[in-house]
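Visitor: Just so it is clear, I am handing over final33.pdb, which has PDB, C-alpha atoms, pLDDT in the B column.
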```pdb
ATOM      1  CA  LEU I  10     122.559  49.646-179.987  1.00 73.00           C
ATOM      2  CA  SER I  11     119.458  50.075-177.810  1.00 68.00           C
ATOM      3  CA  VAL I  12     120.236  53.770-177.408  1.00 71.00           C
ATOM      4  CA  VAL I  13     120.882  54.137-181.146  1.00 76.00           C
ATOM      5  CA  ILE I  14     117.551  52.505-182.002  1.00 72.00           C
ATOM      6  CA  ALA I  15     115.628  54.617-179.482  1.00 73.00           C
ATOM      7  CA  GLN I  16     117.241  57.793-180.762  1.00 72.00           C
ATOM      8  CA  ALA I  17     116.638  56.876-184.398  1.00 77.00           C
ATOM      9  CA  ASP I  18     112.938  56.275-183.716  1.00 74.00           C
ATOM     10  CA  GLY I  19     112.614  59.499-181.754  1.00 72.00           C
ATOM     11  CA  GLY I  20     114.501  61.508-184.362  1.00 75.00           C
ATOM     12  CA  ARG I  21     112.306  60.144-187.132  1.00 76.00           C
ATOM     13  CA  TYR I  22     109.148  61.213-185.303  1.00 72.00           C
ATOM     14  CA  ALA I  23     110.584  64.629-184.444  1.00 73.00           C
ATOM     15  CA  ALA I  24     112.073  65.440-187.849  1.00 77.00           C
ATOM     16  CA  ARG I  25     109.020  67.241-189.229  1.00 78.00           C
ATOM     17  CA  SER I  26     107.860  69.120-186.136  1.00 80.00           C
ATOM     18  CA  ASP I  27     111.105  69.718-184.222  1.00 81.00           C
ATOM     19  CA  PRO I  28     114.224  69.741-186.395  1.00 81.00           C
ATOM     20  CA  ALA I  29     116.416  70.727-183.419  1.00 81.00           C
ATOM     21  CA  ALA I  30     115.343  67.600-181.513  1.00 78.00           C
ATOM     22  CA  ALA I  31     116.046  65.486-184.571  1.00 78.00           C
ATOM     23  CA  GLU I  32     119.531  67.005-184.830  1.00 82.00           C
ATOM     24  CA  ARG I  33     120.207  66.215-181.158  1.00 80.00           C
ATOM     25  CA  ALA I  34     119.086  62.641-181.751  1.00 79.00           C
ATOM     26  CA  LEU I  35     121.478  62.306-184.685  1.00 82.00           C
ATOM     27  CA  THR I  36     124.331  63.673-182.572  1.00 81.00           C
ATOM     28  CA  THR I  37     123.622  61.114-179.847  1.00 79.00           C
ATOM     29  CA  ILE I  38     123.453  58.323-182.432  1.00 80.00           C
ATOM     30  CA  SER I  39     126.822  59.372-183.811  1.00 80.00           C
ATOM     31  CA  GLU I  40     128.520  59.577-180.403  1.00 78.00           C
ATOM     32  CA  THR I  41     127.006  56.335-179.152  1.00 77.00           C
ATOM     33  CA  GLY I  42     127.885  54.506-182.351  1.00 79.00           C
ATOM     34  CA  ARG I  43     131.516  55.615-182.193  1.00 77.00           C
ATOM     35  CA  SER I  44     131.787  54.563-178.544  1.00 75.00           C
ATOM     36  CA  ALA I  45     130.233  51.157-179.270  1.00 75.00           C
ATOM     37  CA  LEU I  46     132.523  50.650-182.250  1.00 76.00           C
ATOM     38  CA  ALA I  47     135.596  51.453-180.139  1.00 72.00           C
ATOM     39  CA  ASP I  48     134.451  48.943-177.502  1.00 71.00           C
ATOM     40  CA  MET I  49     133.883  46.266-180.145  1.00 76.00           C
ATOM     41  CA  ARG I  50     137.343  46.817-181.585  1.00 73.00           C
ATOM     42  CA  ARG I  51     138.850  46.376-178.110  1.00 69.00           C
ATOM     43  CA  ILE I  52     136.959  43.119-177.638  1.00 66.00           C
ATOM     44  CA  LEU I  53     138.013  41.806-181.040  1.00 70.00           C
ATOM     45  CA  GLY I  54     141.615  42.745-180.316  1.00 66.00           C
ATOM     46  CA  VAL I  55     141.547  40.671-177.128  1.00 59.00           C
ATOM     47  CA  LEU I  56     139.820  37.730-178.832  1.00 59.00           C
ATOM     48  CA  ARG I  57     142.476  37.705-181.525  1.00 60.00           C
ATOM     49  CA  GLY I  58     145.016  37.106-178.794  1.00 58.00           C
ATOM     50  CA  SER I  59     146.960  40.328-179.177  1.00 50.00           C
ATOM     51  CA  GLY I  60     145.413  42.151-176.240  1.00 46.00           C
ATOM     52  CA  THR I  61     145.910  45.381-178.197  1.00 44.00           C
ATOM     53  CA  LEU I  62     144.709  46.947-181.397  1.00 41.00           C
ATOM     54  CA  ASP I  63     146.737  47.386-184.521  1.00 46.00           C
ATOM     55  CA  HIS I  64     146.193  51.130-184.721  1.00 47.00           C
ATOM     56  CA  ALA I  65     147.483  53.196-181.827  1.00 43.00           C
ATOM     57  CA  GLY I  66     144.874  55.879-182.425  1.00 43.00           C
ATOM     58  CA  GLU I  67     142.089  53.380-181.660  1.00 48.00           C
ATOM     59  CA  ARG I  68     143.407  52.414-178.224  1.00 52.00           C
ATOM     60  CA  LEU I  69     141.104  54.714-176.286  1.00 53.00           C
ATOM     61  CA  PRO I  70     140.900  54.706-172.479  1.00 63.00           C
ATOM     62  CA  GLN I  71     138.028  52.807-170.928  1.00 71.00           C
ATOM     63  CA  PRO I  72     135.430  54.982-169.165  1.00 74.00           C
ATOM     64  CA  VAL I  73     135.452  55.142-165.358  1.00 73.00           C
ATOM     65  CA  ASP I  74     133.240  56.587-162.627  1.00 80.00           C
ATOM     66  CA  ALA I  75     134.704  60.057-163.232  1.00 81.00           C
ATOM     67  CA  ASP I  76     133.009  59.990-166.671  1.00 84.00           C
ATOM     68  CA  LEU I  77     129.491  59.660-165.231  1.00 87.00           C
ATOM     69  CA  ASP I  78     128.685  63.344-165.719  1.00 88.00           C
ATOM     70  CA  SER I  79     129.426  63.037-169.438  1.00 87.00           C
ATOM     71  CA  LEU I  80     127.275  59.900-169.628  1.00 87.00           C
ATOM     72  CA  VAL I  81     124.384  61.608-167.864  1.00 88.00           C
ATOM     73  CA  ALA I  82     124.680  64.651-170.128  1.00 87.00           C
ATOM     74  CA  GLN I  83     124.512  62.390-173.174  1.00 83.00           C
ATOM     75  CA  VAL I  84     121.422  60.600-171.857  1.00 85.00           C
ATOM     76  CA  ARG I  85     119.842  63.926-170.907  1.00 85.00           C
ATOM     77  CA  SER I  86     120.317  65.124-174.491  1.00 80.00           C
ATOM     78  CA  SER I  87     118.229  62.124-175.522  1.00 76.00           C
ATOM     79  CA  GLY I  88     115.247  63.688-173.757  1.00 79.00           C
ATOM     80  CA  LEU I  89     115.344  61.813-170.443  1.00 84.00           C
ATOM     81  CA  ALA I  90     115.193  64.003-167.335  1.00 89.00           C
ATOM     82  CA  VAL I  91     118.024  62.603-165.210  1.00 92.00           C
ATOM     83  CA  SER I  92     119.856  64.039-162.210  1.00 92.00           C
ATOM     84  CA  VAL I  93     122.903  62.989-160.199  1.00 93.00           C
ATOM     85  CA  VAL I  94     123.224  62.939-156.399  1.00 93.00           C
ATOM     86  CA  ARG I  95     126.561  62.310-154.662  1.00 93.00           C
ATOM     87  CA  SER I  96     127.428  61.798-151.012  1.00 91.00           C
ATOM     88  CA  GLY I  97     130.398  60.824-148.902  1.00 90.00           C
ATOM     89  CA  THR I  98     134.049  61.525-149.520  1.00 86.00           C
ATOM     90  CA  ALA I  99     134.951  60.639-153.091  1.00 85.00           C
ATOM     91  CA  ARG I 100     138.238  58.853-153.651  1.00 84.00           C
ATOM     92  CA  PRO I 101     139.882  57.220-156.665  1.00 84.00           C
ATOM     93  CA  LEU I 102     138.539  53.774-157.459  1.00 84.00           C
ATOM     94  CA  PRO I 103     140.526  50.884-158.917  1.00 82.00           C
ATOM     95  CA  PRO I 104     140.142  50.940-162.713  1.00 75.00           C
ATOM     96  CA  GLY I 105     138.057  47.759-162.783  1.00 84.00           C
ATOM     97  CA  VAL I 106     135.655  49.074-160.158  1.00 88.00           C
ATOM     98  CA  GLY I 107     135.401  52.463-161.847  1.00 88.00           C
ATOM     99  CA  LEU I 108     134.614  50.813-165.171  1.00 87.00           C
ATOM    100  CA  SER I 109     131.967  48.595-163.552  1.00 89.00           C
ATOM    101  CA  VAL I 110     130.298  51.585-161.884  1.00 92.00           C
ATOM    102  CA  TYR I 111     130.160  53.371-165.235  1.00 90.00           C
ATOM    103  CA  ARG I 112     128.800  50.355-167.134  1.00 89.00           C
ATOM    104  CA  ILE I 113     126.138  49.591-164.510  1.00 93.00           C
ATOM    105  CA  VAL I 114     124.858  53.158-164.614  1.00 93.00           C
ATOM    106  CA  GLN I 115     125.021  53.145-168.419  1.00 89.00           C
ATOM    107  CA  GLU I 116     123.007  49.937-168.670  1.00 90.00           C
ATOM    108  CA  ALA I 117     120.475  51.082-166.074  1.00 91.00           C
ATOM    109  CA  LEU I 118     119.868  54.379-167.883  1.00 90.00           C
ATOM    110  CA  THR I 119     119.578  52.538-171.201  1.00 87.00           C
ATOM    111  CA  ASN I 120     116.866  50.384-169.630  1.00 87.00           C
ATOM    112  CA  VAL I 121     115.061  53.539-168.496  1.00 88.00           C
ATOM    113  CA  LEU I 122     115.140  54.842-172.076  1.00 84.00           C
ATOM    114  CA  LYS I 123     113.812  51.523-173.371  1.00 83.00           C
ATOM    115  CA  HIS I 124     111.156  50.677-170.815  1.00 83.00           C
ATOM    116  CA  ALA I 125     110.193  53.534-168.479  1.00 83.00           C
ATOM    117  CA  GLY I 126     108.073  55.553-170.905  1.00 80.00           C
ATOM    118  CA  PRO I 127     108.357  58.975-172.545  1.00 77.00           C
ATOM    119  CA  ALA I 128     107.683  61.099-169.430  1.00 82.00           C
ATOM    120  CA  ALA I 129     109.924  59.215-167.012  1.00 87.00           C
ATOM    121  CA  ARG I 130     112.501  60.880-164.785  1.00 91.00           C
ATOM    122  CA  ALA I 131     115.588  59.180-163.377  1.00 93.00           C
ATOM    123  CA  THR I 132     118.045  59.808-160.557  1.00 94.00           C
ATOM    124  CA  VAL I 133     121.584  58.444-160.334  1.00 95.00           C
ATOM    125  CA  THR I 134     122.892  58.292-156.754  1.00 94.00           C
ATOM    126  CA  LEU I 135     126.568  57.645-156.064  1.00 93.00           C
ATOM    127  CA  GLY I 136     127.884  57.412-152.509  1.00 92.00           C
ATOM    128  CA  TRP I 137     131.168  56.516-150.874  1.00 90.00           C
ATOM    129  CA  THR I 138     131.285  54.761-147.494  1.00 89.00           C
ATOM    130  CA  PRO I 139     134.444  53.813-145.596  1.00 87.00           C
ATOM    131  CA  THR I 140     134.317  50.321-147.122  1.00 89.00           C
ATOM    132  CA  SER I 141     132.409  50.526-150.397  1.00 91.00           C
ATOM    133  CA  VAL I 142     131.056  52.523-153.279  1.00 93.00           C
ATOM    134  CA  VAL I 143     127.268  52.452-153.477  1.00 94.00           C
ATOM    135  CA  LEU I 144     125.276  53.349-156.552  1.00 94.00           C
ATOM    136  CA  GLN I 145     121.609  53.521-157.369  1.00 95.00           C
ATOM    137  CA  VAL I 146     119.629  54.317-160.498  1.00 95.00           C
ATOM    138  CA  GLU I 147     115.882  54.707-160.137  1.00 94.00           C
ATOM    139  CA  ASP I 148     113.066  56.091-162.230  1.00 92.00           C
ATOM    140  CA  ASP I 149     109.388  56.910-161.866  1.00 90.00           C
ATOM    141  CA  GLY I 150     108.309  55.193-165.070  1.00 86.00           C
ATOM    142  CA  ARG I 151     106.255  52.108-165.767  1.00 79.00           C
ATOM    143  CA  GLY I 152     108.094  49.861-163.318  1.00 67.00           C
ATOM    144  CA  ALA I 153     106.510  46.425-163.076  1.00 56.00           C
ATOM    145  CA  ALA I 154     104.112  47.372-165.889  1.00 56.00           C
ATOM    146  CA  ALA I 155     106.951  47.832-168.384  1.00 55.00           C
ATOM    147  CA  THR I 156     107.107  45.346-171.219  1.00 52.00           C
ATOM    148  CA  ASP I 157     110.084  43.011-171.491  1.00 54.00           C
ATOM    149  CA  ASP I 158     111.145  41.777-174.899  1.00 49.00           C
ATOM    150  CA  GLY I 159     113.178  38.985-173.306  1.00 50.00           C
ATOM    151  CA  ALA I 160     116.176  39.797-175.473  1.00 47.00           C
ATOM    152  CA  GLY I 161     118.278  41.814-173.054  1.00 50.00           C
ATOM    153  CA  GLN I 162     121.113  40.568-170.874  1.00 65.00           C
ATOM    154  CA  GLY I 163     121.653  43.888-169.109  1.00 77.00           C
ATOM    155  CA  LEU I 164     120.691  42.846-165.588  1.00 84.00           C
ATOM    156  CA  VAL I 165     122.720  39.656-165.909  1.00 86.00           C
ATOM    157  CA  GLY I 166     125.737  41.687-166.974  1.00 85.00           C
ATOM    158  CA  MET I 167     125.318  44.075-164.034  1.00 90.00           C
ATOM    159  CA  ARG I 168     125.157  41.178-161.599  1.00 90.00           C
ATOM    160  CA  GLU I 169     128.275  39.606-163.069  1.00 89.00           C
ATOM    161  CA  ARG I 170     130.222  42.867-162.853  1.00 88.00           C
ATOM    162  CA  VAL I 171     129.298  43.341-159.186  1.00 92.00           C
ATOM    163  CA  ALA I 172     129.950  39.713-158.271  1.00 90.00           C
ATOM    164  CA  LEU I 173     133.438  39.959-159.757  1.00 88.00           C
ATOM    165  CA  PHE I 174     134.391  42.306-156.906  1.00 89.00           C
ATOM    166  CA  GLY I 175     132.398  40.583-154.141  1.00 91.00           C
ATOM    167  CA  GLY I 176     129.559  43.097-154.110  1.00 93.00           C
ATOM    168  CA  TRP I 177     125.799  42.797-154.394  1.00 94.00           C
ATOM    169  CA  LEU I 178     123.055  43.985-156.714  1.00 94.00           C
ATOM    170  CA  ASP I 179     119.319  44.473-156.129  1.00 93.00           C
ATOM    171  CA  THR I 180     116.915  45.259-158.955  1.00 92.00           C
ATOM    172  CA  GLY I 181     113.164  45.500-159.162  1.00 91.00           C
ATOM    173  CA  PRO I 182     110.066  47.711-159.231  1.00 91.00           C
ATOM    174  CA  ARG I 183     109.893  50.578-156.746  1.00 89.00           C
ATOM    175  CA  PRO I 184     106.986  50.874-154.311  1.00 86.00           C
ATOM    176  CA  GLY I 185     104.541  53.280-155.884  1.00 82.00           C
ATOM    177  CA  GLY I 186     105.922  52.910-159.394  1.00 86.00           C
ATOM    178  CA  GLY I 187     109.129  52.953-161.329  1.00 90.00           C
ATOM    179  CA  PHE I 188     112.190  50.726-161.243  1.00 93.00           C
ATOM    180  CA  ARG I 189     115.353  50.682-159.133  1.00 93.00           C
ATOM    181  CA  VAL I 190     118.852  49.298-159.614  1.00 94.00           C
ATOM    182  CA  ARG I 191     120.980  49.347-156.468  1.00 95.00           C
ATOM    183  CA  ALA I 192     124.503  47.999-156.081  1.00 95.00           C
ATOM    184  CA  ALA I 193     127.463  48.117-153.722  1.00 94.00           C
ATOM    185  CA  ILE I 194     131.073  47.185-154.414  1.00 94.00           C
ATOM    186  CA  PRO I 195     133.732  46.825-151.690  1.00 92.00           C
ATOM    187  CA  VAL I 196     136.713  49.118-152.139  1.00 87.00           C
ATOM    188  CA  ALA I 197     138.577  48.771-148.835  1.00 64.00           C
ATOM    189  CA  PRO I 198     141.243  46.009-148.756  1.00 45.00           C
ATOM    190  CA  ASN I 199     140.319  44.970-145.220  1.00 39.00           C
ATOM    191  CA  ASP I 200     136.620  44.551-146.024  1.00 40.00           C
ATOM    192  CA  ALA I 201     135.927  40.936-146.902  1.00 39.00           C
ATOM    193  CA  SER I 202     132.212  41.259-147.582  1.00 41.00           C
ATOM    194  CA  VAL I 203     129.506  43.754-148.351  1.00 43.00           C
ATOM    195  CA  ALA I 204     125.988  42.727-147.526  1.00 44.00           C
ATOM    196  CA  SER I 205     122.667  43.082-149.200  1.00 43.00           C
ATOM    197  CA  PRO I 206     119.361  44.084-147.626  1.00 44.00           C
ATOM    198  CA  ASP I 207     118.515  40.475-146.725  1.00 45.00           C
ATOM    199  CA  GLY I 208     120.366  40.676-143.420  1.00 42.00           C
ATOM    200  CA  ARG I 209     124.039  40.826-144.331  1.00 43.00           C
ATOM    201  CA  PRO I 210     126.027  43.957-143.299  1.00 41.00           C
ATOM    202  CA  ASP I 211     124.735  46.849-145.353  1.00 44.00           C
ATOM    203  CA  PRO I 212     126.879  49.627-146.838  1.00 42.00           C
ATOM    204  CA  TYR I 213     123.814  51.847-146.456  1.00 41.00           C
ATOM    205  CA  ALA I 214     124.829  52.083-142.796  1.00 42.00           C
ATOM    206  CA  HIS I 215     126.341  55.291-144.217  1.00 39.00           C
ATOM    207  CA  PRO I 216     123.476  55.957-146.652  1.00 41.00           C
ATOM    208  CA  ALA I 217     123.656  57.974-149.793  1.00 40.00           C
ATOM    209  CA  PRO I 218     120.696  60.364-150.080  1.00 39.00           C
ATOM    210  CA  GLN I 219     118.032  58.799-152.228  1.00 43.00           C
ATOM    211  CA  GLY I 220     116.855  61.954-153.990  1.00 43.00           C
ATOM    212  CA  ASP I 221     113.602  62.294-155.909  1.00 41.00           C
ATOM    213  CA  ALA I 222     113.268  60.231-159.061  1.00 37.00           C
TER     214      ALA I 222
END
```
Would you give me this structure, written as structure tokens?
Guide:
Amino acid sequence: LSVVIAQADGGRYAARSDPAAAERALTTISETGRSALADMRRILGVLRGSGTLDHAGERLPQPVDADLDSLVAQVRSSGLAVSVVRSGTARPLPPGVGLSVYRIVQEALTNVLKHAGPAARATVTLGWTPTSVVLQVEDDGRGAAATDDGAGQGLVGMRERVALFGGWLDTGPRPGGGFRVRAAIPVAPNDASVASPDGRPDPYAHPAPQGDA
């Protein structure tokens, strides 16, 4: 809904001077709305106790980490300059981990659209270490100066997703400006813990390149 609102506002402002931009905004609104509706139907199906939906055509696969390029392309069409950096040897992730990676990146990029400002740039970094998958989303926008409406639960949701798999999440303003979301999730069965930058073992022992925001 945050993306839909941002796109609707942008499309309204662009309609008179840049019809092509307004058309792109409407396309993003349509795609985002359909995706959100499909997710809501899944949730309602589970809450009703069936675990499935009544109509087979509505049982769409959940997104995973392999869908990040499509997500980034959609956000890029919204006008945000965003790039992707990968490192390490990619390997299939368990479905729950892949979904969490996708949702964390999705929420982080939505926050960039909402708070970073019109000229912000963002970088999504995804790296594989022998024991974890490490992801980072950072921007060069307003950072600590960004306004907070107090209504969002995005960061809480990210933290819950990571904690479910025994990982860690760091969020906060970047030195020099902008905002950063950084997370690591264990993926090796013999790895009992993944540590954060406060002294616990760090998956950045095999660092993913940070890239320029």
Visitor: Applying 8 Å and only C-alpha atoms, which residues near stretch 184-191 of chain I remain after dropping the ones on its own chain fewer than 5 positions away? List them as a JSON list (two decimals) with C-alpha atoms, keeping the file's coordinate frame.
Guide:
```json
[["chain", "number", "residue", "atom", "x", "y", "z"],
["I", 117, "ALA", "CA", 120.48, 51.08, -166.07],
["I", 125, "ALA", "CA", 110.19, 53.53, -168.48],
["I", 143, "VAL", "CA", 127.27, 52.45, -153.48],
["I", 144, "LEU", "CA", 125.28, 53.35, -156.55],
["I", 145, "GLN", "CA", 121.61, 53.52, -157.37],
["I", 146, "VAL", "CA", 119.63, 54.32, -160.50],
["I", 147, "GLU", "CA", 115.88, 54.71, -160.14],
["I", 148, "ASP", "CA", 113.07, 56.09, -162.23],
["I", 149, "ASP", "CA", 109.39, 56.91, -161.87],
["I", 150, "GLY", "CA", 108.31, 55.19, -165.07],
["I", 151, "ARG", "CA", 106.26, 52.11, -165.77],
["I", 152, "GLY", "CA", 108.09, 49.86, -163.32],
["I", 153, "ALA", "CA", 106.51, 46.42, -163.08],
["I", 178, "LEU", "CA", 123.06, 43.98, -156.71],
["I", 179, "ASP", "CA", 119.32, 44.47, -156.13]]
```
Visitor: In file coordinates, which residues lie within 12 Å of (107.3, 60.7, -170.4) using only C-alpha atoms, given as a PyMOL selection string?
Guide: chain I and resi 88-90+121-131+148-151
Visitor: Select, from I:Arg50, I:Gly105, I:Val114, I:Thr119, the residue with the minimum atom-to-atom distance to I:Val13, counting only C-alpha atoms.
Guide: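 Among I:Arg50, I:Gly105, I:Val114, I:Thr119, it is I:Thr119 that comes nearest to I:Val13.
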Visitor: One number please: atom CA of I:Ala34 to atom CA of I:Pro182, in Å, one decimal.
Guide: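 According to the coordinates, atom CA of I:Ala34 and atom CA of I:Pro182 are separated by 28.5 Å.
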Visitor: Using the chain letters and numbers from this file, what does the PyMOL selection byres ((chain I and resi 194) around 8) select? Give the answer as a VMD selection string.
Guide: chain I and resid 106 141 to 143 171 174 to 177 192 to 193 195 to 196 203
